[in-house]
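Participant: My questions will all concern the structure given below.
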Amino acid sequence: MISSESLKDPSRASPGAQQRRPGPRHHFTPTTSRRGSLHVSAVLSERPATKQRELRRVAFATVIGTTIEWYDFFLYASAAGLIFAQLFFQPAGPQIAILLSFASVGVSFLFRPLGAFLAGHFGDKIGRKAMLSITLILMGSATVLIGLLPTYEQIGVAAPVALILLRILQGLSTGGEWGGAVLMAVEHAPDGQRGRMGAFPQIGVPLGLLLASGMLALMTGVISPGDAFLEWGWRIPFLLSFVLIVVGIVVRRAVEESPVFTEIAARKEQTKTPILALFRKHWLLVILAALTFAGNNAAGYMTTGGYLQGYATLPVEDGGLVGMERTPVLLAVTGSAVVWLLATWFAGNLSDKIGRRNTYIIGWIAFLSTVFLLFPLVNTGNVWLLFLGLALFTIGNGLTYGQQAAYFTELFPASIRYSGVSITYALGAIMGGAFAPLISTWLVQTTGSSTSVSFYIAGMIVLAFIATLLLRDRTGIPLGPDHEAEQSVGQIYGIK
């Protein structure tokens with residue numbers, strides 16, 4: 001509640017005041033209470049220009065930062081599907097080399113939880129903002145070094161070993177990046193706009209895929225076609241990351257710390273061991289929430305993990321089923337990333353109106369209705385039908401991703417929130433996308449058909465759907481530390 005003194009002097013209002021409004025209890029509806037609306041109006045009427053400028057800075061900083069992080073991450077995954085088997089694992093033979101290449105993608109996921117543990121621990125103790133700069137520098141440095149790495153032909157087995165070590169650094173960074181970015185966005189958001197603000201870091205993921213695929217298409221089709229791409233052209237998109245890091249750090253330094261953490265720090269109420277508190281009190285919540293992400297991630301990594309790029313371009317003489325050219329496939333993936341972006345943005349905004357859980361349910365149904373269409377369209381070898389299959393598939397991907405930032409933020413108490421969202425996200429990625437390309441490749445090699453992959457993805461989506469139904473919708477719950485007791489209970493149906 002805002003006192004009359006704070007209305008006269010905005011500087012006396014608590015930084016986390018907007019999160020402490022009385023909100024709906026447990027069955028949280030997506031509508032904002034009248035009192036909550038008056039509260040936001042009072043705050044915005046005092047400093048509307050300042051407030052809106054800060055929100056724009058937060059939105060811009062989170063989308064720029066996550067775009068850069070995921071550009072780096074997806075660039076590796078795409079290169080793994082297209083060329084790393086030849087450059088770093090060639091002595092193993094075509095089929096084993098591609099399995100090893102995709103395994104190197106999956107290895108990084110195993111280190112995401114460590115990155116999430118570290119970033120969550122320090123993010124709940126020293127703040128969200130500092131950790132975001134650290135993760136961005138770590139990711140970008142690893143990506144640039146990959147661009148400078150000698151190949152197997154040049155230094156032998158040291159090349160794939162160094163490649164995997166650098167991929168592990170990318171995994172550590174990604175484990176900590178997402179949680180900090182979404183908390184900065186959602187904890188700054190006015191009442192009734194958390195889904196919309198949370199969608200900004202979420203759209204950074206399809207933007208990262210769009211940028212990575214677009215750069216690779218430019219290199220393979222225009223700047224360094226044919227053998228030139230294998231010789232030197234593939235390095236350019238990795239080296240470009242240096243410029244992107246500088247831009248990201250400059251943008252993020254201009255953003256204020258999350259108001260929720262500012263209030264926690266002012267009260268000196270930081271949890272000493274947030275990770276222990278998380279697993280002691282909320283272990284089941286972590287597992288169920290991770291499963292909701294696992295379905296999205298396993299399906300999404302058909303493209304973001306480089307699997308479909310490799311599947312569609314693997315030459316028939318090397319065991320491929322389609323044998324398309326690289327550039328058209330990369331352009332189709334780039335186009336589908338635009339559809340994914342739009343669906344992600346729509347889902348975040350829709351969740352403010354109908355609730356996070358209802359938006360998820362719509363997304364899972366959309367996913368299940370298209371999962372068995374994807375591979376028949378890809379197998380035609382027609383680039384337009386390939387794009388159609390990817391575009392239809394990414395609609396479900398976006399509708400189960402745009403609301404996730406607000407959804408995860410509202411599930412966990414303020415004092416352990418960074419740890420909660422980061423670790424849950426990292427575990428969901430291991431359950432879902434970590435080895436989805438590897439599993440899919442093995443299924444096709446074993447069965448000789450892509451239908452087995454469709455059943456695998458459908459199974460992951462069904463598991464995520466069930467987990468979603470077990471979790472309550474907490475849209476609109478107050479986020480500030482004054483409501484810690486309320487935030488700590490009622491997330492799971494049947495458990496108080």
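Residue numbering restarts at 1 for every chain of the structure tokens, chains are lettered A, B, ... in their displayed order, and ligands are numbered from 1 as they appear.
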Mind running stretch 146-263 of chain A against stretch 398-414 of chain A at 7 Å and telling me each contacting residue's nearest atom pair with the distance in Å (one decimal), counting only C-alpha atoms, chain and number ascending, as CSV?
Facilitator:
residue,atom,partner,partner_atom,distance
A:Val182,CA,A:Ala405,CA,5.4
A:Leu183,CA,A:Thr409,CA,6.7
A:Val186,CA,A:Ala406,CA,6.1
A:Arg194,CA,A:Ala406,CA,5.8
A:Gly195,CA,A:Ala406,CA,5.3
A:Gly198,CA,A:Ala405,CA,5.0
A:Ala199,CA,A:Gly402,CA,5.2
A:Gln202,CA,A:Gly402,CA,5.8
Participant: Just want the 10 Å neighbourhood of stretch 426-435 of chain A, counted on only C-alpha atoms, with same-chain residues fewer than 2 positions away dropped. Output as a ChimeraX atom specification.
Facilitator: /A:102-117,171-172,174-176,178-179,286-302,304-305,421-424,437-441,457,460-461,464
Participant: If you run DSSP on this backbone, which residues of stretch 172-305 of chain A come out as helix (DSSP H, G or I), and could you give them as an MDAnalysis selection string?
Facilitator: chainID A and resid 172:188 194:223 227:233 235:239 241:253 259:266 274:300
Participant: For A:Phe89, work out the shell of residues within 8 Å, counting only C-alpha atoms and skipping chain neighbours fewer than 6 positions away, then give it as a list of chain:residue names.
Facilitator: A:Ala97, A:Ile98, A:Leu100, A:Ser101, A:Tyr152, A:Pro160
Participant: Would you put the residues from that selection into a file with C-alpha atoms, as a compact mmCIF listing (two decimals), in the first residue's frame?
Facilitator:
# COMPACT_ATOMS: atom_id res chain seq x y z
CA ALA A 97 30.78 -38.40 -36.57
CA ILE A 98 27.32 -36.82 -36.67
CA LEU A 100 29.52 -37.32 -31.77
CA SER A 101 28.83 -33.83 -33.09
CA TYR A 152 41.13 -32.06 -36.35
CA PRO A 160 37.49 -31.94 -30.51
Participant: Residues at most 8 Å from A:Leu87, counting only C-alpha atoms, excluding those fewer than 5 positions away in the same chain, as a compact mmCIF listing (two decimals) with all heavy atoms, in the first residue's frame?
Facilitator:
# COMPACT_ATOMS: atom_id res chain seq x y z
N THR A 151 41.19 -27.15 -36.51
CA THR A 151 40.37 -28.34 -36.74
C THR A 151 41.16 -29.62 -36.45
O THR A 151 42.35 -29.58 -36.16
CB THR A 151 39.88 -28.37 -38.20
OG1 THR A 151 41.03 -28.51 -39.06
CG2 THR A 151 39.13 -27.11 -38.55
N TYR A 152 40.48 -30.77 -36.56
CA TYR A 152 41.13 -32.06 -36.35
C TYR A 152 42.29 -32.26 -37.32
O TYR A 152 43.34 -32.79 -36.94
CB TYR A 152 40.11 -33.20 -36.51
CG TYR A 152 40.67 -34.56 -36.17
CD1 TYR A 152 40.52 -35.09 -34.88
CD2 TYR A 152 41.35 -35.32 -37.11
CE1 TYR A 152 41.05 -36.33 -34.56
CE2 TYR A 152 41.88 -36.57 -36.80
CZ TYR A 152 41.73 -37.07 -35.52
OH TYR A 152 42.26 -38.28 -35.20
N GLU A 153 42.12 -31.83 -38.53
CA GLU A 153 43.16 -32.00 -39.54
C GLU A 153 44.42 -31.25 -39.17
O GLU A 153 45.53 -31.65 -39.53
CB GLU A 153 42.65 -31.51 -40.89
CG GLU A 153 43.61 -31.76 -42.04
CD GLU A 153 43.04 -31.29 -43.37
OE1 GLU A 153 41.83 -30.96 -43.43
OE2 GLU A 153 43.80 -31.25 -44.36
N LEU A 230 33.74 -24.35 -45.53
CA LEU A 230 34.42 -25.32 -44.68
C LEU A 230 35.83 -24.87 -44.31
O LEU A 230 36.32 -25.16 -43.22
CB LEU A 230 34.49 -26.68 -45.38
CG LEU A 230 33.23 -27.54 -45.37
CD1 LEU A 230 33.42 -28.76 -46.26
CD2 LEU A 230 32.88 -27.97 -43.96
Participant: Excluding same-chain residues fewer than 6 positions from A:Leu75, what lies within 12 Å of it counting only C-alpha atoms, as a compact mmCIF listing (two decimals) with all heavy atoms, in the first residue's frame?
Facilitator:
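selection14.txt, written as the output of this step:
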# COMPACT_ATOMS: atom_id res chain seq x y z
N THR A 67 19.23 -12.38 -26.88
CA THR A 67 19.47 -12.62 -28.31
C THR A 67 20.93 -12.97 -28.55
O THR A 67 21.25 -13.93 -29.28
CB THR A 67 19.09 -11.38 -29.14
OG1 THR A 67 17.70 -11.12 -29.00
CG2 THR A 67 19.41 -11.59 -30.61
N ILE A 68 21.84 -12.23 -27.92
CA ILE A 68 23.27 -12.48 -28.09
C ILE A 68 23.65 -13.85 -27.52
O ILE A 68 24.37 -14.63 -28.15
CB ILE A 68 24.09 -11.36 -27.43
CG1 ILE A 68 23.84 -10.03 -28.15
CG2 ILE A 68 25.59 -11.71 -27.42
CD1 ILE A 68 24.38 -8.83 -27.41
N GLU A 69 23.16 -14.14 -26.30
CA GLU A 69 23.46 -15.43 -25.67
C GLU A 69 22.99 -16.59 -26.55
O GLU A 69 23.72 -17.56 -26.76
CB GLU A 69 22.77 -15.51 -24.30
CG GLU A 69 23.46 -14.73 -23.21
CD GLU A 69 24.44 -15.57 -22.43
OE1 GLU A 69 24.42 -16.80 -22.55
OE2 GLU A 69 25.25 -14.99 -21.67
N GLY A 81 25.24 -29.54 -36.61
CA GLY A 81 24.44 -30.31 -37.56
C GLY A 81 24.94 -30.22 -38.98
O GLY A 81 24.70 -31.12 -39.80
N LEU A 82 25.67 -29.14 -39.29
CA LEU A 82 26.07 -28.90 -40.68
C LEU A 82 27.51 -29.30 -40.99
O LEU A 82 27.78 -29.93 -42.02
CB LEU A 82 25.88 -27.41 -41.01
CG LEU A 82 24.44 -26.89 -41.06
CD1 LEU A 82 24.45 -25.37 -41.17
CD2 LEU A 82 23.68 -27.51 -42.22
N ILE A 83 28.48 -28.93 -40.12
CA ILE A 83 29.89 -29.05 -40.51
C ILE A 83 30.83 -29.61 -39.46
O ILE A 83 31.91 -30.09 -39.80
CB ILE A 83 30.45 -27.67 -40.95
CG1 ILE A 83 30.25 -26.65 -39.84
CG2 ILE A 83 29.84 -27.23 -42.26
CD1 ILE A 83 31.00 -25.36 -40.05
N PHE A 84 30.47 -29.55 -38.18
CA PHE A 84 31.44 -29.96 -37.15
C PHE A 84 31.80 -31.45 -37.24
O PHE A 84 32.88 -31.85 -36.85
CB PHE A 84 30.93 -29.61 -35.75
CG PHE A 84 31.14 -28.16 -35.38
CD1 PHE A 84 30.65 -27.68 -34.17
CD2 PHE A 84 31.83 -27.30 -36.21
CE1 PHE A 84 30.84 -26.35 -33.81
CE2 PHE A 84 32.02 -25.97 -35.88
CZ PHE A 84 31.53 -25.49 -34.67
N VAL A 105 26.83 -31.15 -28.51
CA VAL A 105 25.77 -30.19 -28.21
C VAL A 105 25.15 -30.52 -26.84
O VAL A 105 24.94 -29.66 -25.99
CB VAL A 105 24.67 -30.21 -29.29
CG1 VAL A 105 23.50 -29.30 -28.91
CG2 VAL A 105 25.25 -29.77 -30.63
N MET A 139 29.83 -16.43 -22.13
CA MET A 139 29.31 -17.01 -23.36
C MET A 139 30.05 -16.47 -24.58
O MET A 139 30.49 -17.22 -25.45
CB MET A 139 27.81 -16.74 -23.49
CG MET A 139 27.21 -17.15 -24.82
SD MET A 139 27.24 -18.93 -25.11
CE MET A 139 25.68 -19.39 -24.34
N GLY A 140 30.17 -15.17 -24.65
CA GLY A 140 30.80 -14.56 -25.81
C GLY A 140 32.26 -14.94 -25.98
O GLY A 140 32.73 -15.18 -27.10
N THR A 143 32.49 -18.42 -27.42
CA THR A 143 32.09 -18.45 -28.84
C THR A 143 33.21 -17.92 -29.73
O THR A 143 33.51 -18.51 -30.79
CB THR A 143 30.82 -17.61 -29.04
OG1 THR A 143 29.80 -18.11 -28.18
CG2 THR A 143 30.34 -17.69 -30.48
N VAL A 144 33.84 -16.83 -29.34
CA VAL A 144 34.94 -16.27 -30.13
C VAL A 144 36.09 -17.27 -30.22
O VAL A 144 36.70 -17.46 -31.28
CB VAL A 144 35.42 -14.94 -29.52
CG1 VAL A 144 36.71 -14.47 -30.20
CG2 VAL A 144 34.34 -13.86 -29.67
N ILE A 146 35.91 -20.50 -30.11
CA ILE A 146 35.53 -21.56 -31.06
C ILE A 146 35.85 -21.13 -32.48
O ILE A 146 36.34 -21.92 -33.30
CB ILE A 146 34.04 -21.93 -30.91
CG1 ILE A 146 33.81 -22.64 -29.58
CG2 ILE A 146 33.58 -22.82 -32.07
CD1 ILE A 146 32.34 -22.88 -29.26
N GLY A 147 35.60 -19.85 -32.78
CA GLY A 147 35.89 -19.33 -34.11
C GLY A 147 37.37 -19.33 -34.43
O GLY A 147 37.76 -19.28 -35.61
N ARG A 167 32.41 -25.65 -25.39
CA ARG A 167 30.95 -25.86 -25.36
C ARG A 167 30.46 -25.96 -23.92
O ARG A 167 29.37 -25.50 -23.59
CB ARG A 167 30.59 -27.11 -26.15
CG ARG A 167 29.10 -27.42 -26.21
CD ARG A 167 28.32 -26.31 -26.86
NE ARG A 167 26.91 -26.65 -27.02
CZ ARG A 167 25.96 -25.83 -27.44
NH1 ARG A 167 26.26 -24.59 -27.76
NH2 ARG A 167 24.71 -26.23 -27.57
N GLN A 170 29.95 -22.58 -22.62
CA GLN A 170 28.68 -22.05 -23.11
C GLN A 170 27.52 -22.56 -22.26
O GLN A 170 26.58 -21.83 -21.96
CB GLN A 170 28.47 -22.43 -24.57
CG GLN A 170 29.34 -21.68 -25.55
CD GLN A 170 28.91 -21.92 -26.99
OE1 GLN A 170 28.51 -23.02 -27.36
NE2 GLN A 170 29.01 -20.89 -27.81
N VAL A 205 15.23 -15.64 -27.77
CA VAL A 205 15.62 -16.99 -28.20
C VAL A 205 15.35 -17.18 -29.70
O VAL A 205 16.27 -17.53 -30.44
CB VAL A 205 14.90 -18.05 -27.34
CG1 VAL A 205 15.33 -19.45 -27.75
CG2 VAL A 205 15.20 -17.82 -25.86
N LEU A 207 14.99 -14.84 -31.82
CA LEU A 207 15.85 -13.85 -32.49
C LEU A 207 17.28 -14.38 -32.61
O LEU A 207 17.95 -14.16 -33.62
CB LEU A 207 15.84 -12.53 -31.71
CG LEU A 207 14.65 -11.60 -31.95
CD1 LEU A 207 14.70 -10.42 -30.98
CD2 LEU A 207 14.62 -11.11 -33.39
N GLY A 208 17.74 -15.08 -31.57
CA GLY A 208 19.07 -15.68 -31.64
C GLY A 208 19.15 -16.73 -32.73
O GLY A 208 20.15 -16.81 -33.46
N LEU A 209 18.10 -17.56 -32.85
CA LEU A 209 18.06 -18.56 -33.92
C LEU A 209 18.01 -17.90 -35.29
O LEU A 209 18.70 -18.32 -36.23
CB LEU A 209 16.85 -19.47 -33.74
CG LEU A 209 16.66 -20.54 -34.82
CD1 LEU A 209 17.83 -21.51 -34.86
CD2 LEU A 209 15.35 -21.30 -34.61
N LEU A 210 17.20 -16.85 -35.41
CA LEU A 210 17.09 -16.13 -36.68
C LEU A 210 18.44 -15.55 -37.09
O LEU A 210 18.88 -15.69 -38.24
CB LEU A 210 16.04 -15.02 -36.52
CG LEU A 210 15.57 -14.28 -37.78
CD1 LEU A 210 14.18 -13.69 -37.55
CD2 LEU A 210 16.52 -13.14 -38.15
N LEU A 211 19.12 -14.93 -36.12
CA LEU A 211 20.41 -14.31 -36.41
C LEU A 211 21.46 -15.36 -36.76
O LEU A 211 22.23 -15.20 -37.72
CB LEU A 211 20.86 -13.49 -35.20
CG LEU A 211 22.12 -12.63 -35.34
CD1 LEU A 211 21.96 -11.63 -36.49
CD2 LEU A 211 22.40 -11.90 -34.04
N ALA A 212 21.49 -16.47 -35.99
CA ALA A 212 22.48 -17.52 -36.25
C ALA A 212 22.25 -18.18 -37.60
O ALA A 212 23.18 -18.36 -38.39
CB ALA A 212 22.43 -18.57 -35.13
N SER A 213 21.00 -18.55 -37.89
CA SER A 213 20.69 -19.19 -39.17
C SER A 213 20.90 -18.23 -40.33
O SER A 213 21.39 -18.62 -41.40
CB SER A 213 19.24 -19.70 -39.16
OG SER A 213 19.06 -20.67 -38.17
N GLY A 214 20.53 -16.97 -40.12
CA GLY A 214 20.71 -15.97 -41.16
C GLY A 214 22.17 -15.75 -41.50
O GLY A 214 22.55 -15.65 -42.67
N MET A 215 23.02 -15.69 -40.46
CA MET A 215 24.46 -15.50 -40.69
C MET A 215 25.05 -16.69 -41.42
O MET A 215 25.86 -16.54 -42.36
CB MET A 215 25.17 -15.29 -39.36
CG MET A 215 25.14 -13.87 -38.84
SD MET A 215 25.94 -12.69 -39.96
CE MET A 215 27.60 -13.37 -40.07
N LEU A 216 24.66 -17.90 -41.02
CA LEU A 216 25.18 -19.10 -41.69
C LEU A 216 24.70 -19.17 -43.14
O LEU A 216 25.46 -19.57 -44.04
CB LEU A 216 24.77 -20.35 -40.92
CG LEU A 216 25.48 -20.58 -39.59
CD1 LEU A 216 24.85 -21.73 -38.83
CD2 LEU A 216 26.97 -20.84 -39.80
N ALA A 217 23.44 -18.78 -43.38
CA ALA A 217 22.92 -18.77 -44.75
C ALA A 217 23.68 -17.75 -45.60
O ALA A 217 23.98 -18.01 -46.78
CB ALA A 217 21.43 -18.45 -44.75
N TRP A 234 32.96 -20.57 -41.98
CA TRP A 234 32.21 -20.90 -40.77
C TRP A 234 32.71 -20.14 -39.55
O TRP A 234 31.96 -19.96 -38.57
CB TRP A 234 32.30 -22.41 -40.48
CG TRP A 234 33.66 -22.91 -40.08
CD1 TRP A 234 34.66 -23.32 -40.90
CD2 TRP A 234 34.16 -23.03 -38.73
NE1 TRP A 234 35.76 -23.70 -40.17
CE2 TRP A 234 35.48 -23.54 -38.83
CE3 TRP A 234 33.63 -22.77 -37.47
CZ2 TRP A 234 36.27 -23.77 -37.70
CZ3 TRP A 234 34.42 -23.00 -36.35
CH2 TRP A 234 35.71 -23.49 -36.47
N ARG A 235 33.95 -19.67 -39.59
CA ARG A 235 34.52 -18.98 -38.43
C ARG A 235 33.95 -17.57 -38.23
O ARG A 235 33.89 -17.08 -37.09
CB ARG A 235 36.05 -18.89 -38.58
CG ARG A 235 36.75 -20.24 -38.65
CD ARG A 235 38.26 -20.06 -38.78
NE ARG A 235 38.93 -21.35 -38.91
CZ ARG A 235 39.28 -22.13 -37.90
NH1 ARG A 235 39.02 -21.75 -36.65
NH2 ARG A 235 39.89 -23.28 -38.11
N ILE A 236 33.56 -16.93 -39.30
CA ILE A 236 33.15 -15.52 -39.22
C ILE A 236 31.97 -15.30 -38.27
O ILE A 236 32.01 -14.39 -37.43
CB ILE A 236 32.82 -14.97 -40.63
CG1 ILE A 236 34.02 -15.16 -41.57
CG2 ILE A 236 32.41 -13.50 -40.56
CD1 ILE A 236 35.29 -14.51 -41.09
N PRO A 237 30.88 -16.07 -38.34
CA PRO A 237 29.78 -15.86 -37.41
C PRO A 237 30.18 -16.03 -35.94
O PRO A 237 29.64 -15.34 -35.07
CB PRO A 237 28.77 -16.94 -37.82
CG PRO A 237 29.07 -17.22 -39.25
CD PRO A 237 30.56 -17.11 -39.35
N PHE A 238 31.14 -16.91 -35.66
CA PHE A 238 31.61 -17.09 -34.29
C PHE A 238 32.42 -15.87 -33.83
O PHE A 238 32.27 -15.39 -32.70
CB PHE A 238 32.47 -18.36 -34.17
CG PHE A 238 31.67 -19.63 -34.20
CD1 PHE A 238 31.37 -20.25 -35.40
CD2 PHE A 238 31.21 -20.20 -33.02
CE1 PHE A 238 30.64 -21.43 -35.43
CE2 PHE A 238 30.48 -21.37 -33.03
CZ PHE A 238 30.18 -21.99 -34.24
N LEU A 239 33.28 -15.36 -34.69
CA LEU A 239 34.10 -14.20 -34.34
C LEU A 239 33.26 -12.94 -34.18
O LEU A 239 33.61 -12.04 -33.40
CB LEU A 239 35.18 -13.99 -35.40
CG LEU A 239 36.19 -15.13 -35.56
CD1 LEU A 239 37.15 -14.85 -36.71
CD2 LEU A 239 36.96 -15.35 -34.27
N LEU A 240 32.13 -12.88 -34.88
CA LEU A 240 31.24 -11.72 -34.78
C LEU A 240 30.71 -11.54 -33.35
O LEU A 240 30.34 -10.44 -32.95
CB LEU A 240 30.06 -11.89 -35.74
CG LEU A 240 28.97 -10.81 -35.73
CD1 LEU A 240 29.56 -9.48 -36.18
CD2 LEU A 240 27.82 -11.22 -36.62
N SER A 241 30.73 -12.59 -32.58
CA SER A 241 30.21 -12.53 -31.22
C SER A 241 30.93 -11.48 -30.37
O SER A 241 30.35 -10.93 -29.44
CB SER A 241 30.31 -13.90 -30.56
OG SER A 241 29.72 -13.89 -29.28
N THR A 303 14.92 -27.90 -34.24
CA THR A 303 15.55 -26.86 -35.07
C THR A 303 16.67 -26.16 -34.33
O THR A 303 17.77 -26.00 -34.85
CB THR A 303 14.52 -25.82 -35.52
OG1 THR A 303 13.79 -25.34 -34.39
CG2 THR A 303 13.56 -26.40 -36.53
N THR A 304 16.42 -25.73 -33.08
CA THR A 304 17.44 -24.96 -32.36
C THR A 304 18.65 -25.81 -32.02
O THR A 304 19.75 -25.29 -31.84
CB THR A 304 16.85 -24.36 -31.07
OG1 THR A 304 16.38 -25.43 -30.23
CG2 THR A 304 15.71 -23.42 -31.37
N GLY A 305 18.47 -27.13 -31.89
CA GLY A 305 19.60 -28.01 -31.62
C GLY A 305 20.32 -28.46 -32.86
O GLY A 305 21.27 -29.26 -32.79
N GLY A 306 19.89 -27.97 -34.02
CA GLY A 306 20.58 -28.28 -35.26
C GLY A 306 20.17 -29.60 -35.90
O GLY A 306 20.71 -29.97 -36.95
N GLN A 309 18.41 -29.31 -39.40
CA GLN A 309 19.37 -28.81 -40.37
C GLN A 309 20.28 -29.96 -40.86
O GLN A 309 20.53 -30.10 -42.05
CB GLN A 309 20.23 -27.70 -39.76
CG GLN A 309 19.46 -26.42 -39.43
CD GLN A 309 18.93 -26.39 -38.02
OE1 GLN A 309 18.38 -27.39 -37.54
NE2 GLN A 309 19.08 -25.27 -37.34
N LEU A 330 18.79 -23.51 -44.35
CA LEU A 330 19.05 -22.45 -43.38
C LEU A 330 18.08 -21.28 -43.54
O LEU A 330 17.63 -20.68 -42.56
CB LEU A 330 20.49 -21.96 -43.51
CG LEU A 330 21.56 -22.93 -43.00
CD1 LEU A 330 22.94 -22.49 -43.46
CD2 LEU A 330 21.51 -23.03 -41.47
Participant: Which of these residues is nearest to A:Ala181, using only C-alpha atoms: A:Gly476, A:Gly65, A:Gly320, A:Pro225?
Facilitator: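 For A:Ala181, the nearest of the candidates is A:Gly65.
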